[in-house]
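Structure data (PDB, C-alpha atoms and all ligand atoms) from model05.pdb:
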ATOM      1  CA  SER A   1      82.114  88.182 105.904
ATOM      2  CA  ARG A   2      82.302  84.820 104.188
ATOM      3  CA  GLU A   3      79.868  83.451 106.778
ATOM      4  CA  VAL A   4      77.184  85.863 105.611
ATOM      5  CA  LYS A   5      78.098  85.738 101.924
ATOM      6  CA  PRO A   6      80.146  82.675 100.932
ATOM      7  CA  GLU A   7      80.529  83.609  97.250
ATOM      8  CA  PRO A   8      83.107  86.226  96.218
ATOM      9  CA  SER A   9      81.583  89.590  95.289
ATOM     10  CA  THR A  10      82.027  91.110  91.882
ATOM     11  CA  VAL A  11      81.943  94.894  91.783
ATOM     12  CA  ASP A  12      80.977  97.007  88.789
ATOM     13  CA  LEU A  13      83.454  99.885  88.491
ATOM     14  CA  GLY A  14      81.827 101.661  85.539
ATOM     15  CA  GLY A  15      83.015 101.867  81.943
ATOM     16  CA  GLY A  16      82.256  98.151  81.513
ATOM     17  CA  VAL A  17      84.913  97.142  84.069
ATOM     18  CA  THR A  18      84.127  94.538  86.721
ATOM     19  CA  VAL A  19      86.457  93.425  89.505
ATOM     20  CA  GLY A  20      86.287  90.068  91.249
ATOM     21  CA  GLY A  21      85.082  88.073  88.267
ATOM     22  CA  GLY A  22      88.367  86.403  87.350
ATOM     23  CA  GLN A  23      89.920  89.079  85.169
ATOM     24  CA  LEU A  24      92.727  91.035  86.840
ATOM     25  CA  VAL A  25      91.813  94.731  86.971
ATOM     26  CA  VAL A  26      94.846  96.989  86.640
ATOM     27  CA  MET A  27      94.442 100.604  87.775
ATOM     28  CA  ALA A  28      97.318 102.856  86.813
ATOM     29  CA  GLY A  29      98.291 106.500  86.601
ATOM     30  CA  PRO A  30     100.241 109.185  88.386
ATOM     31  CA  CYS A  31     100.264 109.733  92.132
ATOM     32  CA  SER A  32      99.101 113.331  91.518
ATOM     33  CA  VAL A  33      97.396 114.999  88.600
ATOM     34  CA  GLU A  34      99.833 117.766  87.595
ATOM     35  CA  SER A  35      98.751 119.114  84.199
ATOM     36  CA  GLU A  36      96.545 118.344  81.222
ATOM     37  CA  ALA A  37      99.492 117.078  79.189
ATOM     38  CA  GLN A  38     100.728 114.854  82.030
ATOM     39  CA  ILE A  39      97.398 113.168  82.755
ATOM     40  CA  LEU A  40      96.440 112.716  79.094
ATOM     41  CA  GLU A  41      99.810 111.262  78.138
ATOM     42  CA  THR A  42      99.727 108.883  81.095
ATOM     43  CA  ALA A  43      96.106 107.873  80.511
ATOM     44  CA  HIS A  44      96.737 106.983  76.861
ATOM     45  CA  ALA A  45      99.917 105.080  77.747
ATOM     46  CA  VAL A  46      98.419 102.983  80.538
ATOM     47  CA  LYS A  47      95.353 102.227  78.451
ATOM     48  CA  ALA A  48      97.497 101.064  75.526
ATOM     49  CA  ALA A  49      99.352  98.752  77.931
ATOM     50  CA  GLY A  50      96.115  97.189  79.225
ATOM     51  CA  ALA A  51      95.082  99.175  82.301
ATOM     52  CA  THR A  52      91.303  99.485  82.589
ATOM     53  CA  VAL A  53      91.058 102.159  85.323
ATOM     54  CA  LEU A  54      92.934 105.483  85.535
ATOM     55  CA  ARG A  55      94.252 106.615  88.924
ATOM     56  CA  GLY A  56      95.298 110.156  89.823
ATOM     57  CA  GLY A  57      95.222 112.240  93.005
ATOM     58  CA  ALA A  58      93.634 115.687  93.042
ATOM     59  CA  PHE A  59      93.485 115.989  96.835
ATOM     60  CA  LYS A  60      96.777 114.743  98.258
ATOM     61  CA  PRO A  61      97.184 113.722 101.904
ATOM     62  CA  ARG A  62     100.860 114.655 102.390
ATOM     63  CA  THR A  63     102.987 113.978 105.448
ATOM     64  CA  SER A  64     104.317 117.546 105.346
ATOM     65  CA  PRO A  65     101.920 120.495 105.067
ATOM     66  CA  TYR A  66     104.553 122.197 102.874
ATOM     67  CA  SER A  67     104.476 119.431 100.216
ATOM     68  CA  PHE A  68     102.299 119.710  97.076
ATOM     69  CA  GLN A  69      98.677 119.274  98.191
ATOM     70  CA  GLY A  70      97.119 118.544  94.793
ATOM     71  CA  MET A  71      95.272 120.535  92.117
ATOM     72  CA  GLU A  72      91.910 119.978  93.844
ATOM     73  CA  GLU A  73      88.890 120.652  91.582
ATOM     74  CA  ASP A  74      91.108 121.611  88.637
ATOM     75  CA  GLY A  75      92.696 118.159  88.975
ATOM     76  CA  LEU A  76      89.280 116.488  89.043
ATOM     77  CA  LYS A  77      88.370 118.329  85.824
ATOM     78  CA  LEU A  78      91.531 117.040  84.156
ATOM     79  CA  LEU A  79      90.693 113.498  85.264
ATOM     80  CA  ALA A  80      87.244 113.866  83.697
ATOM     81  CA  LEU A  81      88.913 115.064  80.508
ATOM     82  CA  ALA A  82      91.193 112.013  80.518
ATOM     83  CA  ARG A  83      88.160 109.755  81.008
ATOM     84  CA  GLU A  84      86.493 111.398  78.031
ATOM     85  CA  ALA A  85      89.619 110.915  75.931
ATOM     86  CA  THR A  86      90.214 107.260  76.858
ATOM     87  CA  GLY A  87      86.962 105.827  78.238
ATOM     88  CA  LEU A  88      88.818 104.718  81.380
ATOM     89  CA  PRO A  89      86.878 105.064  84.644
ATOM     90  CA  ILE A  90      88.637 107.160  87.270
ATOM     91  CA  VAL A  91      89.720 106.387  90.823
ATOM     92  CA  THR A  92      90.694 109.378  92.953
ATOM     93  CA  GLU A  93      91.008 110.087  96.664
ATOM     94  CA  VAL A  94      88.654 112.082  98.841
ATOM     95  CA  VAL A  95      90.508 113.347 101.897
ATOM     96  CA  ASN A  96      87.977 115.569 103.633
ATOM     97  CA  PRO A  97      84.310 114.693 104.339
ATOM     98  CA  ARG A  98      83.290 118.166 103.136
ATOM     99  CA  ASP A  99      84.614 117.269  99.641
ATOM    100  CA  VAL A 100      82.647 114.011  99.186
ATOM    101  CA  ASP A 101      79.982 115.578  96.949
ATOM    102  CA  LEU A 102      82.550 117.456  94.902
ATOM    103  CA  VAL A 103      84.762 114.399  94.302
ATOM    104  CA  ALA A 104      81.710 112.207  93.597
ATOM    105  CA  ARG A 105      80.697 114.549  90.764
ATOM    106  CA  TYR A 106      83.860 113.530  88.891
ATOM    107  CA  ALA A 107      85.047 110.144  90.203
ATOM    108  CA  ASP A 108      83.860 106.694  89.193
ATOM    109  CA  ILE A 109      85.575 105.108  92.207
ATOM    110  CA  MET A 110      86.186 106.983  95.471
ATOM    111  CA  GLN A 111      89.506 106.239  97.177
ATOM    112  CA  VAL A 112      89.968 106.363 100.943
ATOM    113  CA  GLY A 113      93.657 106.781 101.762
ATOM    114  CA  ALA A 114      95.627 104.863 104.361
ATOM    115  CA  ARG A 115      95.632 107.912 106.642
ATOM    116  CA  ASN A 116      91.838 108.080 106.684
ATOM    117  CA  ILE A 117      91.100 104.422 107.406
ATOM    118  CA  GLN A 118      89.468 105.286 110.724
ATOM    119  CA  ASN A 119      87.859 108.549 109.684
ATOM    120  CA  PHE A 120      84.467 107.109 110.552
ATOM    121  CA  ALA A 121      82.549 110.238 109.551
ATOM    122  CA  LEU A 122      84.064 109.990 106.063
ATOM    123  CA  LEU A 123      83.410 106.231 105.858
ATOM    124  CA  LYS A 124      79.753 106.678 106.837
ATOM    125  CA  MET A 125      79.276 109.349 104.172
ATOM    126  CA  LEU A 126      80.803 107.068 101.554
ATOM    127  CA  GLY A 127      78.481 104.300 102.724
ATOM    128  CA  GLN A 128      75.561 106.424 101.555
ATOM    129  CA  LEU A 129      77.001 106.949  98.110
ATOM    130  CA  ASP A 130      76.137 104.935  95.001
ATOM    131  CA  LYS A 131      79.779 104.522  93.928
ATOM    132  CA  PRO A 132      82.435 101.870  94.473
ATOM    133  CA  ILE A 133      84.940 102.660  97.251
ATOM    134  CA  LEU A 134      88.624 101.709  97.151
ATOM    135  CA  LEU A 135      89.509 101.425 100.832
ATOM    136  CA  LYS A 136      93.209 101.413 101.628
ATOM    137  CA  ARG A 137      94.532  99.602 104.660
ATOM    138  CA  GLY A 138      96.040 101.932 107.236
ATOM    139  CA  MET A 139      99.780 101.743 107.717
ATOM    140  CA  ALA A 140      99.195 100.408 111.242
ATOM    141  CA  SER A 141      95.823  98.664 110.859
ATOM    142  CA  THR A 142      95.299  95.054 111.762
ATOM    143  CA  ILE A 143      93.217  93.022 109.336
ATOM    144  CA  GLN A 144      90.387  93.091 111.864
ATOM    145  CA  GLU A 145      90.494  96.919 112.065
ATOM    146  CA  PHE A 146      90.675  97.105 108.263
ATOM    147  CA  LEU A 147      87.556  94.949 107.968
ATOM    148  CA  MET A 148      85.716  96.990 110.592
ATOM    149  CA  SER A 149      86.420 100.127 108.533
ATOM    150  CA  ALA A 150      84.962  98.374 105.484
ATOM    151  CA  GLU A 151      81.979  97.462 107.646
ATOM    152  CA  TYR A 152      81.327 101.178 108.325
ATOM    153  CA  ILE A 153      80.724 101.629 104.584
ATOM    154  CA  LEU A 154      78.765  98.384 104.103
ATOM    155  CA  ALA A 155      76.558  99.055 107.133
ATOM    156  CA  GLU A 156      75.291 102.260 105.504
ATOM    157  CA  GLY A 157      74.144 100.281 102.485
ATOM    158  CA  ASN A 158      77.000 100.643  99.996
ATOM    159  CA  ARG A 159      78.056  97.089  99.101
ATOM    160  CA  ARG A 160      80.684  98.101  96.544
ATOM    161  CA  VAL A 161      83.861  98.073  98.643
ATOM    162  CA  LEU A 162      87.319  97.089  97.366
ATOM    163  CA  LEU A 163      90.004  96.326  99.948
ATOM    164  CA  CYS A 164      93.496  97.603  99.121
ATOM    165  CA  GLU A 165      96.656  96.306 100.786
ATOM    166  CA  ARG A 166      99.279  99.066 100.380
ATOM    167  CA  GLY A 167     101.953  97.989 102.831
ATOM    168  CA  ILE A 168     102.164  98.350 106.575
ATOM    169  CA  ARG A 169     104.777  99.927 108.783
ATOM    170  CA  THR A 170     107.414  97.574 110.179
ATOM    171  CA  PHE A 171     111.010  97.930 111.439
ATOM    172  CA  GLU A 172     112.285  97.413 107.862
ATOM    173  CA  THR A 173     113.636 100.505 106.118
ATOM    174  CA  ALA A 174     114.774  99.017 102.781
ATOM    175  CA  THR A 175     111.239  99.511 101.551
ATOM    176  CA  ARG A 176     108.884 102.411 102.266
ATOM    177  CA  ASN A 177     106.397 100.008 103.886
ATOM    178  CA  THR A 178     106.216  96.216 104.050
ATOM    179  CA  LEU A 179     103.775  94.620 101.624
ATOM    180  CA  ASP A 180     101.718  92.206 103.710
ATOM    181  CA  ILE A 181     101.261  89.633 100.992
ATOM    182  CA  SER A 182      99.647  87.226 103.433
ATOM    183  CA  ALA A 183      96.840  89.760 103.815
ATOM    184  CA  VAL A 184      95.536  88.503 100.454
ATOM    185  CA  PRO A 185      94.816  84.892 101.482
ATOM    186  CA  VAL A 186      93.784  85.980 104.997
ATOM    187  CA  LEU A 187      91.260  88.454 103.561
ATOM    188  CA  LYS A 188      90.122  85.868 101.014
ATOM    189  CA  GLU A 189      89.339  83.470 103.867
ATOM    190  CA  GLN A 190      87.451  86.073 105.871
ATOM    191  CA  THR A 191      85.630  88.202 103.313
ATOM    192  CA  HIS A 192      83.906  88.117  99.947
ATOM    193  CA  LEU A 193      85.183  91.586  98.956
ATOM    194  CA  PRO A 194      87.620  92.027  96.043
ATOM    195  CA  ILE A 195      91.261  92.631  97.008
ATOM    196  CA  ILE A 196      93.600  95.081  95.314
ATOM    197  CA  ILE A 197      97.377  95.244  95.796
ATOM    198  CA  ASP A 198      99.233  98.581  95.706
ATOM    199  CA  PRO A 199     102.913  97.706  95.191
ATOM    200  CA  SER A 200     103.889 101.366  94.665
ATOM    201  CA  HIS A 201     103.154 102.657  98.167
ATOM    202  CA  ALA A 202     104.107  99.282  99.641
ATOM    203  CA  THR A 203     107.671  99.388  98.313
ATOM    204  CA  GLY A 204     108.439 103.027  97.539
ATOM    205  CA  HIS A 205     110.820 101.939  94.755
ATOM    206  CA  ALA A 206     109.891 101.548  91.082
ATOM    207  CA  SER A 207     112.381  98.694  90.625
ATOM    208  CA  LEU A 208     110.494  96.570  93.187
ATOM    209  CA  VAL A 209     107.007  97.208  91.817
ATOM    210  CA  PRO A 210     106.810  94.507  89.087
ATOM    211  CA  SER A 211     107.883  91.648  91.421
ATOM    212  CA  MET A 212     105.315  92.661  94.002
ATOM    213  CA  CYS A 213     102.607  92.779  91.314
ATOM    214  CA  TYR A 214     103.460  89.223  90.292
ATOM    215  CA  ALA A 215     103.481  88.163  93.957
ATOM    216  CA  GLY A 216     100.083  89.759  94.494
ATOM    217  CA  VAL A 217      98.629  87.872  91.555
ATOM    218  CA  ALA A 218     100.194  84.606  92.755
ATOM    219  CA  ALA A 219      98.623  85.185  96.171
ATOM    220  CA  GLY A 220      95.198  85.610  94.579
ATOM    221  CA  CYS A 221      94.457  89.341  94.426
ATOM    222  CA  ASP A 222      91.712  90.638  92.113
ATOM    223  CA  GLY A 223      93.441  93.788  90.980
ATOM    224  CA  LEU A 224      96.477  96.069  91.150
ATOM    225  CA  ILE A 225      96.879  99.828  91.525
ATOM    226  CA  VAL A 226     100.179 101.079  90.172
ATOM    227  CA  GLU A 227     101.738 104.547  89.956
ATOM    228  CA  VAL A 228     102.944 105.502  86.474
ATOM    229  CA  HIS A 229     104.441 108.870  85.475
ATOM    230  CA  PRO A 230     105.800 109.992  82.088
ATOM    231  CA  CYS A 231     108.833 111.513  83.832
ATOM    232  CA  PRO A 232     109.245 110.219  87.408
ATOM    233  CA  GLU A 233     112.202 112.576  88.095
ATOM    234  CA  LYS A 234     109.847 115.520  87.716
ATOM    235  CA  ALA A 235     106.832 114.089  89.572
ATOM    236  CA  ALA A 236     105.220 116.375  92.166
ATOM    237  CA  SER A 237     104.774 113.348  94.461
ATOM    238  CA  ASP A 238     105.986 109.741  94.691
ATOM    239  CA  GLY A 239     108.368 109.913  91.700
ATOM    240  CA  PRO A 240     110.804 107.279  93.056
ATOM    241  CA  GLN A 241     108.072 104.623  93.121
ATOM    242  CA  SER A 242     106.496 105.539  89.773
ATOM    243  CA  LEU A 243     107.048 103.361  86.712
ATOM    244  CA  ARG A 244     107.756 104.943  83.332
ATOM    245  CA  PRO A 245     105.143 104.053  80.705
ATOM    246  CA  ALA A 246     107.581 101.658  78.965
ATOM    247  CA  GLU A 247     108.331  99.899  82.263
ATOM    248  CA  PHE A 248     104.624  99.597  82.954
ATOM    249  CA  ALA A 249     103.999  98.125  79.492
ATOM    250  CA  ALA A 250     106.789  95.562  80.005
ATOM    251  CA  MET A 251     105.279  94.556  83.339
ATOM    252  CA  MET A 252     101.838  94.179  81.769
ATOM    253  CA  ALA A 253     103.292  91.941  79.051
ATOM    254  CA  LYS A 254     104.809  89.690  81.711
ATOM    255  CA  LEU A 255     101.562  89.635  83.718
ATOM    256  CA  ARG A 256      99.736  88.391  80.636
ATOM    257  CA  GLU A 257     101.823  85.204  80.757
ATOM    258  CA  PHE A 258      99.992  84.058  83.892
ATOM    259  CA  ALA A 259      97.014  86.347  84.538
ATOM    260  CA  LYS A 260      93.865  87.249  82.644
ATOM    261  CA  VAL A 261      94.439  90.938  81.881
ATOM    262  CA  ALA A 262      92.523  93.235  79.489
TER     263      ALA A 262
HETATM  264  C1  LIG A 301      98.025 107.424  96.942
HETATM  265  O1  LIG A 301      97.343 106.511  96.444
HETATM  266  O2  LIG A 301      98.658 108.268  96.249
HETATM  267  C2  LIG A 301      98.170 107.471  98.417
HETATM  268  C3  LIG A 301      98.386 108.620  99.060
HETATM  269  O3  LIG A 301      98.102 106.252  98.984
HETATM  270  P1  LIG A 301      98.085 105.796 100.536
HETATM  271  O4  LIG A 301      96.855 106.396 101.127
HETATM  272  O5  LIG A 301      98.044 104.307 100.435
HETATM  273  O6  LIG A 301      99.358 106.301 101.169
HETATM  274 MN    MN A 302     101.204 108.216  95.802
END

Show me, as structure tokens, the structure contained in the file I just sent.
Amino acid sequence: SREVKPEPSTVDLGGGVTVGGGQLVVMAGPCSVESEAQILETAHAVKAAGATVLRGGAFKPRTSPYSFQGMEEDGLKLLALAREATGLPIVTEVVNPRDVDLVARYADIMQVGARNIQNFALLKMLGQLDKPILLKRGMASTIQEFLMSAEYILAEGNRRVLLCERGIRTFETATRNTLDISAVPVLKEQTHLPIIIDPSHATGHASLVPSMCYAGVAAGCDGLIVEVHPCPEKAASDGPQSLRPAEFAAMMAKLREFAKVA
């Protein structure tokens, strides 16, 4: 908390990227890794537009067991290939505690998904790891519960935790979730940890993503995580909320007018 550590924390993400130090860190890439061509094309495009971290899911926590579940280790290998090709550090989700070691062999940043926010066994394992953790707020977590989940990681000794607001469930159906923009200043008051906004899962619609990125920056977030796909119509997951590379580049250009971006 701020009481224990008044100064904001900066977190080293690897590849020379630091979050929390004043420069906006933009993480971008597809929801799921689908093929070598898809991840390489996306990685090059988001890098050219100014992203400094590549996202991509290899283990996918899907609502339906019949939906695409991810390429698993083959997907992790493709992410490593994309890192080699671009120099971008990689953020990817670990869903199951038994896969922590496997995912850690490839990932620079370990993502905990919204559905695993209170998987305390997983959080404790990640607390023993020497890697930054991107912790997503659960779709029904209060801020206090969110912070207690972060505490599970910190208490084990891993101080490199990033908090990600990705929308919460409300009565509203126009958007997939409701981006709790006030979570940014509330978290800033209560904690020293860097705060990331995920406008893709928050809104569920690509057309709404740029505005919510700008809003996140205005509210004081330290970074963004945005889904980008070379052909959203054909995406294996979350196509409707994925920006095309050209749309992402246009958004980055606009962000540069008021934020310090790479
Ligand atoms: C994702 O990042 O693709 C994802 C599944 O996110 P969340 O856990 O926020 O739903
Ligand atoms: Mn997704």

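Of the listed residues A:Ile197, A:Arg159, A:Ala49, A:Gln23, the one whose atoms come nearest to Met251 of chain A is A:Ala49, with distances taken using all atoms listed in the file.
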
Evaluate the PyMOL selection byres (((not hetatm)) within 6 of (chain A and resi 301)) and record the selected residues as a PDB file with C-alpha atoms, in the frame of the given file, following the chain and residue labels used in the document.
ATOM      1  CA  CYS A  31     100.264 109.733  92.132  1.00  0.00           C
ATOM      2  CA  PRO A  61      97.184 113.722 101.904  1.00  0.00           C
ATOM      3  CA  GLY A 113      93.657 106.781 101.762  1.00  0.00           C
ATOM      4  CA  ALA A 114      95.627 104.863 104.361  1.00  0.00           C
ATOM      5  CA  ARG A 115      95.632 107.912 106.642  1.00  0.00           C
ATOM      6  CA  LYS A 136      93.209 101.413 101.628  1.00  0.00           C
ATOM      7  CA  ARG A 166      99.279  99.066 100.380  1.00  0.00           C
ATOM      8  CA  HIS A 201     103.154 102.657  98.167  1.00  0.00           C
TER       9      HIS A 201
END

Two-atom distance - atom CA of Gly56 of chain A, atom CA of Glu233 of chain A (Å): 17.2 Å

Protein, DNA and RNA residues within 8 Å of (82.9, 106.5, 81.3), all atoms listed in the file, as a PyMOL selection string: chain A and resi 14-15+83-84+87-89+108

Length of the atom CA of Leu126 of chain A to atom CA of Lys188 of chain A vector [Å]: 23.2 Å

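Around ligand MN 302 (chain A), using only C-alpha atoms and all ligand atoms and a cut-off of 8 Å, the residues in contact are Pro30, Cys31, Ser32, Gly57, Ser200, His201, Glu227, Ser237 and Asp238 of chain A.
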
Could those residues be written to a file, using C-alpha atoms, as a compact mmCIF listing (two decimals), in the coordinates of the input?
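For reference, again_12.txt as written:
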# COMPACT_ATOMS: atom_id res chain seq x y z
CA PRO A 30 100.24 109.18 88.39
CA CYS A 31 100.26 109.73 92.13
CA SER A 32 99.10 113.33 91.52
CA GLY A 57 95.22 112.24 93.00
CA SER A 200 103.89 101.37 94.66
CA HIS A 201 103.15 102.66 98.17
CA GLU A 227 101.74 104.55 89.96
CA SER A 237 104.77 113.35 94.46
CA ASP A 238 105.99 109.74 94.69

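Every protein or nucleic acid residue with an atom no more than 9 Å from Cys231 of chain A, counting only C-alpha atoms and leaving out same-chain residues fewer than 4 positions away, appears here: Gln38, Ala235, Gly239, Ser242, Leu243, Arg244 and Pro245 of chain A.
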
Mind rebuilding segment 218-235 of chain A with N, CA and C atoms and writing that out as a PDB file, in the coordinates of the input?
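Listed below is the output, selection-v2.pdb:
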ATOM      1  N   ALA A 218      99.984  85.994  92.298  1.00  0.00           N
ATOM      2  CA  ALA A 218     100.194  84.606  92.755  1.00  0.00           C
ATOM      3  C   ALA A 218      99.424  84.342  94.047  1.00  0.00           C
ATOM      4  N   ALA A 219      99.328  85.353  94.887  1.00  0.00           N
ATOM      5  CA  ALA A 219      98.623  85.185  96.171  1.00  0.00           C
ATOM      6  C   ALA A 219      97.104  85.210  96.001  1.00  0.00           C
ATOM      7  N   GLY A 220      96.641  85.677  94.839  1.00  0.00           N
ATOM      8  CA  GLY A 220      95.198  85.610  94.579  1.00  0.00           C
ATOM      9  C   GLY A 220      94.453  86.934  94.594  1.00  0.00           C
ATOM     10  N   CYS A 221      95.172  88.057  94.413  1.00  0.00           N
ATOM     11  CA  CYS A 221      94.457  89.341  94.426  1.00  0.00           C
ATOM     12  C   CYS A 221      93.587  89.484  93.168  1.00  0.00           C
ATOM     13  N   ASP A 222      92.645  90.407  93.233  1.00  0.00           N
ATOM     14  CA  ASP A 222      91.712  90.638  92.113  1.00  0.00           C
ATOM     15  C   ASP A 222      92.119  91.813  91.238  1.00  0.00           C
ATOM     16  N   GLY A 223      93.034  92.626  91.752  1.00  0.00           N
ATOM     17  CA  GLY A 223      93.441  93.788  90.980  1.00  0.00           C
ATOM     18  C   GLY A 223      94.703  94.414  91.544  1.00  0.00           C
ATOM     19  N   LEU A 224      95.251  95.351  90.762  1.00  0.00           N
ATOM     20  CA  LEU A 224      96.477  96.069  91.150  1.00  0.00           C
ATOM     21  C   LEU A 224      96.234  97.553  90.959  1.00  0.00           C
ATOM     22  N   ILE A 225      96.888  98.381  91.773  1.00  0.00           N
ATOM     23  CA  ILE A 225      96.879  99.828  91.525  1.00  0.00           C
ATOM     24  C   ILE A 225      98.327 100.286  91.541  1.00  0.00           C
ATOM     25  N   VAL A 226      98.758 100.846  90.409  1.00  0.00           N
ATOM     26  CA  VAL A 226     100.179 101.079  90.172  1.00  0.00           C
ATOM     27  C   VAL A 226     100.408 102.530  89.748  1.00  0.00           C
ATOM     28  N   GLU A 227     101.417 103.173  90.353  1.00  0.00           N
ATOM     29  CA  GLU A 227     101.738 104.547  89.956  1.00  0.00           C
ATOM     30  C   GLU A 227     102.644 104.567  88.724  1.00  0.00           C
ATOM     31  N   VAL A 228     102.207 105.362  87.736  1.00  0.00           N
ATOM     32  CA  VAL A 228     102.944 105.502  86.474  1.00  0.00           C
ATOM     33  C   VAL A 228     103.049 106.993  86.179  1.00  0.00           C
ATOM     34  N   HIS A 229     104.238 107.440  85.791  1.00  0.00           N
ATOM     35  CA  HIS A 229     104.441 108.870  85.475  1.00  0.00           C
ATOM     36  C   HIS A 229     105.328 108.977  84.242  1.00  0.00           C
ATOM     37  N   PRO A 230     104.993 109.889  83.312  1.00  0.00           N
ATOM     38  CA  PRO A 230     105.800 109.992  82.088  1.00  0.00           C
ATOM     39  C   PRO A 230     107.251 110.404  82.371  1.00  0.00           C
ATOM     40  N   CYS A 231     107.472 111.088  83.498  1.00  0.00           N
ATOM     41  CA  CYS A 231     108.833 111.513  83.832  1.00  0.00           C
ATOM     42  C   CYS A 231     108.984 111.510  85.354  1.00  0.00           C
ATOM     43  N   PRO A 232     109.245 110.337  85.939  1.00  0.00           N
ATOM     44  CA  PRO A 232     109.245 110.219  87.408  1.00  0.00           C
ATOM     45  C   PRO A 232     110.154 111.226  88.110  1.00  0.00           C
ATOM     46  N   GLU A 233     111.273 111.615  87.462  1.00  0.00           N
ATOM     47  CA  GLU A 233     112.202 112.576  88.095  1.00  0.00           C
ATOM     48  C   GLU A 233     111.509 113.902  88.384  1.00  0.00           C
ATOM     49  N   LYS A 234     110.488 114.209  87.570  1.00  0.00           N
ATOM     50  CA  LYS A 234     109.847 115.520  87.716  1.00  0.00           C
ATOM     51  C   LYS A 234     108.505 115.435  88.448  1.00  0.00           C
ATOM     52  N   ALA A 235     108.159 114.257  88.949  1.00  0.00           N
ATOM     53  CA  ALA A 235     106.832 114.089  89.572  1.00  0.00           C
ATOM     54  C   ALA A 235     106.693 114.981  90.811  1.00  0.00           C
TER      55      ALA A 235
END
